[in-house]
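Source file: protein05.pdb; contents: PDB, C-alpha atoms.
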ATOM      1  CA  MET V   1      31.387  -8.056 -11.369
ATOM      2  CA  ASN V   2      31.104  -6.407 -14.781
ATOM      3  CA  LYS V   3      28.799  -9.157 -16.073
ATOM      4  CA  LYS V   4      26.432  -8.631 -13.164
ATOM      5  CA  LEU V   5      26.458  -4.879 -13.673
ATOM      6  CA  ILE V   6      25.605  -5.307 -17.345
ATOM      7  CA  LEU V   7      22.850  -7.759 -16.388
ATOM      8  CA  PHE V   8      21.524  -5.149 -13.943
ATOM      9  CA  MET V   9      21.404  -2.436 -16.597
ATOM     10  CA  ILE V  10      19.800  -4.617 -19.272
ATOM     11  CA  THR V  11      17.229  -6.060 -16.881
ATOM     12  CA  ASN V  12      16.224  -2.643 -15.593
ATOM     13  CA  PHE V  13      16.029  -1.183 -19.081
ATOM     14  CA  ILE V  14      13.699  -3.979 -20.225
ATOM     15  CA  LEU V  15      11.644  -3.735 -17.025
ATOM     16  CA  LEU V  16      11.194   0.020 -17.429
ATOM     17  CA  ILE V  17      10.113  -0.386 -21.057
ATOM     18  CA  ILE V  18       7.538  -3.013 -20.076
ATOM     19  CA  LEU V  19       6.203  -1.012 -17.123
ATOM     20  CA  TYR V  20       6.072   2.219 -19.105
ATOM     21  CA  ASN V  21       3.952   0.581 -21.808
ATOM     22  CA  ILE V  22       1.293  -0.756 -19.430
ATOM     23  CA  PRO V  23      -1.766   1.444 -19.904
ATOM     24  CA  ILE V  24      -3.085   3.380 -16.925
ATOM     25  CA  GLU V  25      -6.854   3.486 -17.013
ATOM     26  CA  ASN V  26      -9.598   4.092 -14.493
ATOM     27  CA  SER V  27     -11.609   1.360 -16.184
ATOM     28  CA  MET V  28      -9.114  -1.344 -15.208
ATOM     29  CA  GLU V  29     -10.941  -4.176 -13.478
ATOM     30  CA  SER V  30      -9.923  -4.455  -9.863
ATOM     31  CA  ILE V  31      -7.854  -7.505  -8.953
ATOM     32  CA  CYS V  32      -8.111  -6.750  -5.240
ATOM     33  CA  ILE V  33      -9.492  -9.818  -3.449
ATOM     34  CA  TYR V  34     -10.649  -7.728  -0.493
ATOM     35  CA  LYS V  35     -12.624  -5.384  -2.779
ATOM     36  CA  ARG V  36     -14.194  -8.319  -4.634
ATOM     37  CA  ILE V  37     -15.311 -10.033  -1.424
ATOM     38  CA  VAL V  38     -16.266  -7.086   0.810
ATOM     39  CA  GLY V  39     -17.099  -4.522  -1.869
ATOM     40  CA  LYS V  40     -15.006  -1.785  -0.252
ATOM     41  CA  GLU V  41     -11.552  -0.546  -1.172
ATOM     42  CA  CYS V  42      -8.651  -1.742   0.943
ATOM     43  CA  PHE V  43      -5.760   0.447   2.106
ATOM     44  CA  ASN V  44      -3.708  -0.592  -0.931
ATOM     45  CA  CYS V  45      -6.305  -0.140  -3.689
ATOM     46  CA  GLY V  46      -4.971   1.979  -6.538
ATOM     47  CA  MET V  47      -1.321   1.364  -5.699
ATOM     48  CA  THR V  48      -0.536  -0.323  -9.036
ATOM     49  CA  ARG V  49      -1.984   2.608 -10.971
ATOM     50  CA  ALA V  50      -0.169   4.993  -8.625
ATOM     51  CA  PHE V  51       3.192   3.248  -9.268
ATOM     52  CA  LEU V  52       2.606   3.359 -13.016
ATOM     53  CA  SER V  53       1.655   7.041 -12.786
ATOM     54  CA  VAL V  54       4.898   7.802 -10.955
ATOM     55  CA  LEU V  55       6.837   6.011 -13.704
ATOM     56  CA  HIS V  56       5.012   8.237 -16.223
ATOM     57  CA  LEU V  57       5.867  11.263 -14.036
ATOM     58  CA  ASN V  58       2.167  11.978 -13.387
ATOM     59  CA  PHE V  59       2.553  12.688  -9.675
ATOM     60  CA  ASN V  60      -0.876  14.297  -9.239
ATOM     61  CA  ASP V  61      -2.584  11.227 -10.701
ATOM     62  CA  ALA V  62      -0.434   8.961  -8.549
ATOM     63  CA  ILE V  63      -1.503  10.747  -5.380
ATOM     64  CA  ARG V  64      -5.122  10.705  -6.530
ATOM     65  CA  TYR V  65      -5.016   6.918  -7.041
ATOM     66  CA  ASN V  66      -3.427   6.265  -3.649
ATOM     67  CA  TRP V  67      -1.664   8.907  -1.561
ATOM     68  CA  LYS V  68       0.444   6.262   0.211
ATOM     69  CA  VAL V  69       2.547   5.984  -2.943
ATOM     70  CA  ILE V  70       4.558   8.879  -1.489
ATOM     71  CA  ILE V  71       5.821   6.485   1.190
ATOM     72  CA  VAL V  72       5.745   3.110  -0.557
ATOM     73  CA  PHE V  73       7.370   3.987  -3.901
ATOM     74  CA  PRO V  74      10.670   5.327  -2.487
ATOM     75  CA  TYR V  75      10.954   2.344  -0.126
ATOM     76  CA  THR V  76      10.313  -0.033  -3.013
ATOM     77  CA  ILE V  77      13.047   1.590  -5.097
ATOM     78  CA  ILE V  78      15.481   1.514  -2.159
ATOM     79  CA  ILE V  79      14.835  -2.187  -1.497
ATOM     80  CA  TYR V  80      15.082  -3.014  -5.205
ATOM     81  CA  VAL V  81      18.388  -1.189  -5.665
ATOM     82  CA  TYR V  82      19.785  -2.612  -2.402
ATOM     83  CA  SER V  83      18.980  -6.173  -3.451
ATOM     84  CA  TRP V  84      20.778  -5.632  -6.777
ATOM     85  CA  TYR V  85      23.674  -4.022  -4.897
ATOM     86  CA  LYS V  86      23.992  -7.110  -2.695
ATOM     87  CA  TYR V  87      23.845  -9.351  -5.760
ATOM     88  CA  ILE V  88      26.539  -7.400  -7.620
ATOM     89  CA  ILE V  89      28.872  -6.774  -4.673
ATOM     90  CA  LYS V  90      28.501 -10.304  -3.252
ATOM     91  CA  GLU V  91      30.752 -11.662  -5.996
ATOM     92  CA  LYS V  92      33.476  -9.184  -5.050
ATOM     93  CA  TYR V  93      33.667 -10.528  -1.477
ATOM     94  CA  ASN V  94      33.438 -14.191  -2.502
ATOM     95  CA  GLU V  95      36.462 -14.024  -4.801
TER      96      GLU V  95
END
Using structure tokens, write down the structure that the file contains.
Amino acid sequence: MNKKLILFMITNFILLIILYNIPIENSMESICIYKRIVGKECFNCGMTRAFLSVLHLNFNDAIRYNWKVIIVFPYTIIIYVYSWYKYIIKEKYNE
């Protein structure tokens, strides 16, 4: 179980460093397929920039990009941590 816990910490540390260094810009070209085809923003447009803003602790910018980040970000963190929890604890019950 200790190896998995160390893997969890190292992986998350590297992931946070990578995500924190992604620039947040308004000039980012949209990768939204719906917006490219229809020309209008979908319900999820701006969510990537909103997530990155939350990681940078810019909550006002995050809400400006997409207000639904208030709901989606906590659920994402909960699911992410729960999946790691299952991965780490699973070994304990299989032994």
Nearest residue to Ala62 (chain V) out of V:Ile24, V:Ala50, V:Leu15, V:Leu5, using only C-alpha atoms?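 When distances to Ala62 (chain V) are compared using only C-alpha atoms, the smallest one comes from V:Ala50.
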*asked:* Neighbouring residues of region 69-78 of chain V were defined as those with any atom within 10 Å, considering all atoms listed in the file; residues of the same chain fewer than 5 positions away were excluded. Please report them as a list in words.
replied: Asn44, Gly46, Met47, Thr48, Arg49, Ala50, Phe51, Ser53, Val54, Phe59, Ala62, Ile63, Arg64 and Ser83 of chain V
* Would you please work out which residue, of V:Ile17, V:Ile6, V:Ile22, V:Ile89, is nearest to Leu52 (chain V) when using all atoms listed in the file? =>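 Among the listed residues, the smallest separation from Leu52 (chain V) belongs to V:Ile22.
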Between V:Trp67, V:Tyr85, V:Glu41, V:Leu55, smallest distance to Lys4 (chain V) by all atoms listed in the file belongs to V:Tyr85
Computed gap from CA of Lys90 (chain V) to CA of Asn2 (chain V) is 12.4 Å
